[in-house]
Structures are given as structure tokens and as C-alpha cells.
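Take a look at the structure set out below.
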Amino acid sequence: MSNRDWSHLLDIPPFPAENYAVLADRLGALMATKNDVLLIQAEAVLALEAVATSLAHPGLKALNIVTSPYGTWFGHWLAAGSADVVNLTAPPALPITVEAVKAELDRHTDIDILSLVHAESASGILNPLEEIAALARERGILTIVDAVASVGGHALDVDRLGIDIAVIGPQKALAGTAGLSAISVSSAAWTLLQHDKAPRISMLSLLDQKEQWLDLGRHALPGTPAPLEFFALQAALDRLEAEGIVEVQKRHELAQHATRAGLLALGAQLWVPDPVASALITAAVLPEDIDRRTFLSRRNIAGADITAGVGPDTERLVRLNHTGRRASEEAVLANLTAFSQALEVQGHQNDLQAALKSAADTYRRSVNNL
């Protein structure tokens, strides 16, 4: 790999300026929204920071739901801008409950915005977005959603759910590159973003993006566009639209079910039950006598992607990745094989053939039900 010639990536022509608005509209359709869509020339963490920094000001009160380090960061950025932040933290590496959110909203009746992550690739959990968005909508609270991992893997209907700001990135379920992200912004959110503490002349300024791109007719993007990233995003959307977003979501759901079936056949302990499990990765709990670092060093099977859980209290979790193009039968079987062999090296006998059959049968049943 180190000797590969990458010179074909040089001397890329400019991305056609008239296609920026087309990309924004395609991303809007993907999120099921008619809201404004901003194209952010950076990885999605910067887009999330831009949202928090642009919103934060004295007098703003936020309910920030924390189910991973990303929620922690978002609350920190809001507080850094002098917002009054109520952090509602779920048990480590687990989803928040609707009951907990309702109780907090009842306790704090002056909340202006509610922020949460939809699906967590850090631990493989899924937060109850639809129910939480409904609670916020009933109270006239603006909703901010980090859908970076979930978009494409789970249904995302921004307008139907009344989501005021959604942040997405193409590097997860959309199987694109990480150098671009997008933000959808409702008219109500633009009103809240208009305050005298908002950042200006800054990569973190959503108002700059509005004035320099949206208000000027969505022609030339501010700054120096990175053509490689825009061509890659266009290609990722072409491929996704050719397959169909519903089919992409079904492919992720099928990979999730097949992975869970295979792990159970291996005798593995799944981290969370089906209703709160993400379709992006599946987290399993290692036996107490297995060192995670040693386990991960033994899972070198071609096509497998198994990594450590991320965040507090995930020290015994490993994640089997079935996101994006990895949401396929071949990748699922490779992950199960790697998991089985790593267990066996550690002295845990298991039935790999039964696991592979369980996963394959999940795919066969799906074909038969078509």
C-alpha cells in the first residue's frame, strides 16, 4: 500500500459551482426536509461545534442529552458560549429513556433547545428520537440532532419530526468520505441563531454561511472548496440513490439482525436488546477472563472490522462494524469468523459453523420474504 502511486488524485478540476446547490438539495431530500441545507467543508465534529457555538449565548437554556462523548462535547461547547446547560446523562454507554427526558422537561419548564445524538457508533445504541422530538415539539422547544452516524442506516425524517437543526456526514452509513458535512436549519432555528453573541468571520459561524452562500443565491461557496471531497460526495450520493435510501436502510437492518443472530450462536453476550440497538455496529460484552487488547490483536481475518467500544464503561465492549458498504453478508460473516477465532485463542470454545449458519439463514429468510 505504501508504494501505491496516488498522483492521479492531483490536478483535480474545480467542482462545478452550479452543482453545490444541487448537492445541498440532494442532501435535503435524503434528510426529508425542505429546510435550508448548509455544506460544511470539514468533518462533522466541526459542524457540530459550529451549531453549538452559533446557538450559545447568555439567556439560552438547553437540555443536552449525553449518551456518548459526542453529547459531552456538545454540552461543553454550549456552556463555553455562556448558555445555561442541563446535561441529562444516560447510564454509561446506554440509550436515554423517554421517561427520563420527560421528567427533566417537567423539571425545567424554561428549556429553549434540546440536543441529542440519534444513533451512537461508539456503543451501538439507538436513542428514541421520534418520541423525544415529539416531547420537544409539544413544548415549543427547538430540537438539534446529531445524525452523523444514523443517516442512511436509520430513517431520518427531519420535517415530519420537527427537527430544527440536523447535522449529517457521509462517512458512516452513506459510505462516503469524511471531509464534508451538512447542516439542515429551520426558519425557527435561524431566528434563534440571530443574536449579538453569535460568532462572525469564523469557520464556526452559521450566520456567515447564511449570508455568504444562502443569501447570495447558493453559488460560490465561501472559502476555497476542496474539489476531491465534493466529487466524492457526489459519487456517494449517486451510488446511494441508485440503490435507494429505503434499500440502504434495509441492508443495514439485515446486517444487524444477522450479526446478532451469529453472536448469540457463539454464546456471546449482546450489549443492548433489539429495540435500542443501532443498525450501524453491534456491541458485544467480552467474558471477564479475556483481555480486550489481546482479543483485538487476535481478530485479524480478511474483511473483518472489530474495534473497541468508545466512552465511559465500555472497557469490556467490542464493536462489530456493519456500517456503509460493510452492511453486507460477506462482511458480517468475516466479523463473526474473526470474533469466533479470537475467542478460541483465549480458550473459549464455540461453534463457528452454527454462528455462520444463523447469520446466513437470516439473509436467506430475507430473500424468501421478498
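Going through the C-alpha cells in order, the chains are called A, B, and so on, while each chain numbers its residues from 1 and the ligands are numbered from 1 in the order shown.
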| Who sits within 8 Å of A:Ala24, only C-alpha atoms, same chain under 5 positions skipped, as number ranges by chain | A: 37-39
Take the selection from the previous step and output its residues with all heavy atoms, as a PDB file, in the first residue's frame.
```pdb
ATOM      1  N   VAL A  37     -30.130  23.895   3.732  1.00  0.00           N
ATOM      2  CA  VAL A  37     -29.039  22.949   3.964  1.00  0.00           C
ATOM      3  C   VAL A  37     -27.716  23.648   3.687  1.00  0.00           C
ATOM      4  O   VAL A  37     -27.501  24.185   2.598  1.00  0.00           O
ATOM      5  CB  VAL A  37     -29.173  21.692   3.076  1.00  0.00           C
ATOM      6  CG1 VAL A  37     -27.957  20.775   3.269  1.00  0.00           C
ATOM      7  CG2 VAL A  37     -30.456  20.938   3.409  1.00  0.00           C
ATOM      8  N   LEU A  38     -26.848  23.648   4.682  1.00  0.00           N
ATOM      9  CA  LEU A  38     -25.518  24.233   4.564  1.00  0.00           C
ATOM     10  C   LEU A  38     -24.510  23.125   4.295  1.00  0.00           C
ATOM     11  O   LEU A  38     -24.579  22.043   4.876  1.00  0.00           O
ATOM     12  CB  LEU A  38     -25.124  24.944   5.858  1.00  0.00           C
ATOM     13  CG  LEU A  38     -26.048  26.060   6.356  1.00  0.00           C
ATOM     14  CD1 LEU A  38     -25.542  26.593   7.688  1.00  0.00           C
ATOM     15  CD2 LEU A  38     -26.142  27.184   5.327  1.00  0.00           C
ATOM     16  N   LEU A  39     -23.555  23.405   3.418  1.00  0.00           N
ATOM     17  CA  LEU A  39     -22.452  22.489   3.150  1.00  0.00           C
ATOM     18  C   LEU A  39     -21.239  22.955   3.953  1.00  0.00           C
ATOM     19  O   LEU A  39     -20.776  24.085   3.783  1.00  0.00           O
ATOM     20  CB  LEU A  39     -22.119  22.466   1.657  1.00  0.00           C
ATOM     21  CG  LEU A  39     -23.259  22.027   0.736  1.00  0.00           C
ATOM     22  CD1 LEU A  39     -22.852  22.216  -0.731  1.00  0.00           C
ATOM     23  CD2 LEU A  39     -23.646  20.585   0.996  1.00  0.00           C
TER      24      LEU A  39
END
```
Stretch 119-207 of chain A near stretch 72-84 of chain A within 10 Å: what's each residue's closest atom pair and its distance in Å to one decimal, counting only C-alpha atoms, ordered by chain then ascending residue number, as a tab-separated table?
```
residue	atom	partner	partner_atom	distance
A:Asp146	CA	A:Phe74	CA	9.7
A:Lys197	CA	A:Gly81	CA	8.3
A:Ala198	CA	A:Gly81	CA	9.0
A:Pro199	CA	A:Gly81	CA	9.8
```
Dump as a short mmCIF file (atom, residue, chain, number, x, y, z; two decimals), in the first residue's frame, selection limited to C-alpha atoms:
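That gives us part.cif:
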```
data_model
loop_
_atom_site.label_atom_id
_atom_site.label_comp_id
_atom_site.auth_asym_id
_atom_site.auth_seq_id
_atom_site.Cartn_x
_atom_site.Cartn_y
_atom_site.Cartn_z
CA ASP A 146 -26.58 14.69 15.61
CA LYS A 197 -23.01 36.94 20.64
CA ALA A 198 -23.04 34.78 17.51
CA PRO A 199 -19.55 34.10 16.07
#
```
Compile the contact shell of A:Leu142 as a PDB file with C-alpha atoms, in the first residue's frame: residues with an atom at most 9 Å away, counting only C-alpha atoms, same-chain residues fewer than 6 positions apart removed.
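That gives us part-v4.pdb:
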```pdb
ATOM      1  CA  ILE A 111     -35.844  24.972  28.091  1.00  0.00           C
ATOM      2  CA  ASP A 112     -35.218  26.625  24.697  1.00  0.00           C
ATOM      3  CA  ILE A 113     -33.391  23.841  22.849  1.00  0.00           C
ATOM      4  CA  LEU A 114     -32.965  20.091  23.203  1.00  0.00           C
ATOM      5  CA  SER A 115     -29.944  18.315  21.712  1.00  0.00           C
ATOM      6  CA  ALA A 133     -38.717  15.054  19.227  1.00  0.00           C
ATOM      7  CA  ALA A 136     -39.896  18.862  22.451  1.00  0.00           C
ATOM      8  CA  GLY A 162     -39.950  18.788  13.509  1.00  0.00           C
ATOM      9  CA  ILE A 163     -36.158  18.692  13.837  1.00  0.00           C
ATOM     10  CA  ASP A 164     -34.848  22.256  13.682  1.00  0.00           C
ATOM     11  CA  ILE A 165     -31.162  21.522  13.169  1.00  0.00           C
ATOM     12  CA  ALA A 188     -37.241  28.889  13.699  1.00  0.00           C
ATOM     13  CA  ALA A 189     -33.618  27.935  14.217  1.00  0.00           C
TER      14      ALA A 189
END
```
| query | Which residues in stretch 218-352 of chain A does DSSP call strand (DSSP E)? List them as a list in words. | reply | Gln269, Leu270, Ile281, Thr282, Ala283, Ala284, Val285, Ile306, Thr307, Ala308, Leu317, Val318, Arg319, Leu320 and Asn321 of chain A
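Among the candidate residues A:Gly347, A:Ala359, A:Arg260, A:Arg200, the one lying nearest to A:Leu320 is A:Arg260, with distances computed using only C-alpha atoms.
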| said: Write out as a ChimeraX atom specification the set of residues from stretch 78-124 of chain A that DSSP, computed on the backbone, places in alpha helix (DSSP H). | reply: /A:78-80,98-107
| query | Which one is closest to A:Asp291: A:Asp106, A:Glu315, A:Asp25, A:Asp305? Count only C-alpha atoms. | reply |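 Among the listed residues, the smallest separation from A:Asp291 belongs to A:Glu315.
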| said: For a test of reading the model, state the distance in Å between atom CA of A:Asp289 and atom CA of A:Leu270, rounded to one decimal. | reply: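 Rounded to one decimal, the two atoms are 16.8 Å apart.
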| message | So that I can check the surroundings of A:Ser121, please list as an MDAnalysis selection string every protein, DNA and RNA residue that reaches within 12 Å of it, counting only C-alpha atoms and ignoring chain neighbours fewer than 5 positions away. | response | chainID A and resid 67:70 93:95 126:127 146:151 153 171:173 277:283 307:311 318:323
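In this model, the gap between atom CA of A:Met203 and atom CA of A:Gly152 comes to 26.6 Å.
When only C-alpha atoms are used to measure the gap to A:Gln341, the shortest distance among A:His118, A:Arg316, A:Arg298, A:Arg160 belongs to A:Arg298.
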Check which residues of stretch 181-290 of chain A sit at most 12 Å from stretch 49-64 of chain A using only C-alpha atoms, and return one row each with the closest pair of atoms and their distance in Å to one decimal, ordered by chain and rising number, as CSV.
```
residue,atom,partner,partner_atom,distance
A:Ser181,CA,A:Ala50,CA,11.4
A:Ala182,CA,A:Val51,CA,10.9
A:Ile183,CA,A:Val51,CA,8.4
A:Ser184,CA,A:Val51,CA,10.4
A:Val185,CA,A:Val51,CA,9.7
A:Ala189,CA,A:Leu55,CA,8.7
A:Trp190,CA,A:Leu55,CA,9.4
A:Thr191,CA,A:Leu55,CA,10.2
A:Leu192,CA,A:Leu55,CA,7.0
A:Leu193,CA,A:Leu55,CA,5.4
A:Gln194,CA,A:Leu55,CA,8.5
A:His195,CA,A:His57,CA,7.7
A:Asp196,CA,A:His57,CA,8.4
A:Lys197,CA,A:His57,CA,6.0
A:Ala198,CA,A:Ser54,CA,5.2
A:Pro199,CA,A:Ser54,CA,6.0
A:Arg200,CA,A:Ser54,CA,9.0
A:Ile201,CA,A:Ser54,CA,11.8
A:Ser202,CA,A:Ala50,CA,9.2
A:Met203,CA,A:Ala50,CA,7.4
A:Leu204,CA,A:Ala50,CA,4.1
A:Ser205,CA,A:Ser54,CA,5.8
A:Leu206,CA,A:Ser54,CA,6.2
A:Leu207,CA,A:Ser54,CA,7.8
A:Asp208,CA,A:Ser54,CA,10.1
A:Gln209,CA,A:Ala50,CA,10.6
A:Lys210,CA,A:Ser54,CA,11.9
```
Those selected residues, please, written with C-alpha atoms and delivered as a compact mmCIF listing (two decimals), in the first residue's frame.
```txt
# COMPACT_ATOMS: atom_id res chain seq x y z
CA SER A 181 -20.64 17.51 6.37
CA ALA A 182 -24.03 19.19 6.15
CA ILE A 183 -26.44 21.02 8.44
CA SER A 184 -30.16 21.50 7.90
CA VAL A 185 -31.60 24.63 9.55
CA ALA A 189 -33.62 27.94 14.22
CA TRP A 190 -32.43 30.87 12.08
CA THR A 191 -34.42 33.18 14.34
CA LEU A 192 -32.70 31.75 17.42
CA LEU A 193 -29.30 32.00 15.72
CA GLN A 194 -29.73 35.77 15.26
CA HIS A 195 -28.17 37.12 18.46
CA ASP A 196 -25.37 39.57 19.19
CA LYS A 197 -23.01 36.94 20.64
CA ALA A 198 -23.04 34.78 17.51
CA PRO A 199 -19.55 34.10 16.07
CA ARG A 200 -18.72 36.04 12.91
CA ILE A 201 -15.82 35.84 10.45
CA SER A 202 -15.33 32.29 11.67
CA MET A 203 -15.48 28.71 10.42
CA LEU A 204 -17.93 28.19 13.30
CA SER A 205 -20.37 30.86 12.14
CA LEU A 206 -23.64 29.61 10.69
CA LEU A 207 -24.67 33.22 10.06
CA ASP A 208 -21.59 33.68 7.88
CA GLN A 209 -22.64 30.61 5.91
CA LYS A 210 -26.16 32.01 5.53
```
| Which is closer to A:Thr337 than all the others in A:Lys34, A:His252, A:Arg325, A:Arg299, using only C-alpha atoms? |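 Under the stated criterion, the closest residue is A:Arg299.
If only C-alpha atoms are the atoms counted, then among A:Phe15, A:Trp271, A:Tyr363, A:Phe295 the closest residue to A:Val345 is A:Phe295.
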| Hey, what's within 12 Å of A:Pro14 if we count only C-alpha atoms and toss same-chain stuff fewer than 6 positions away? As a ChimeraX atom specification, please? | /A:20,220,224-231
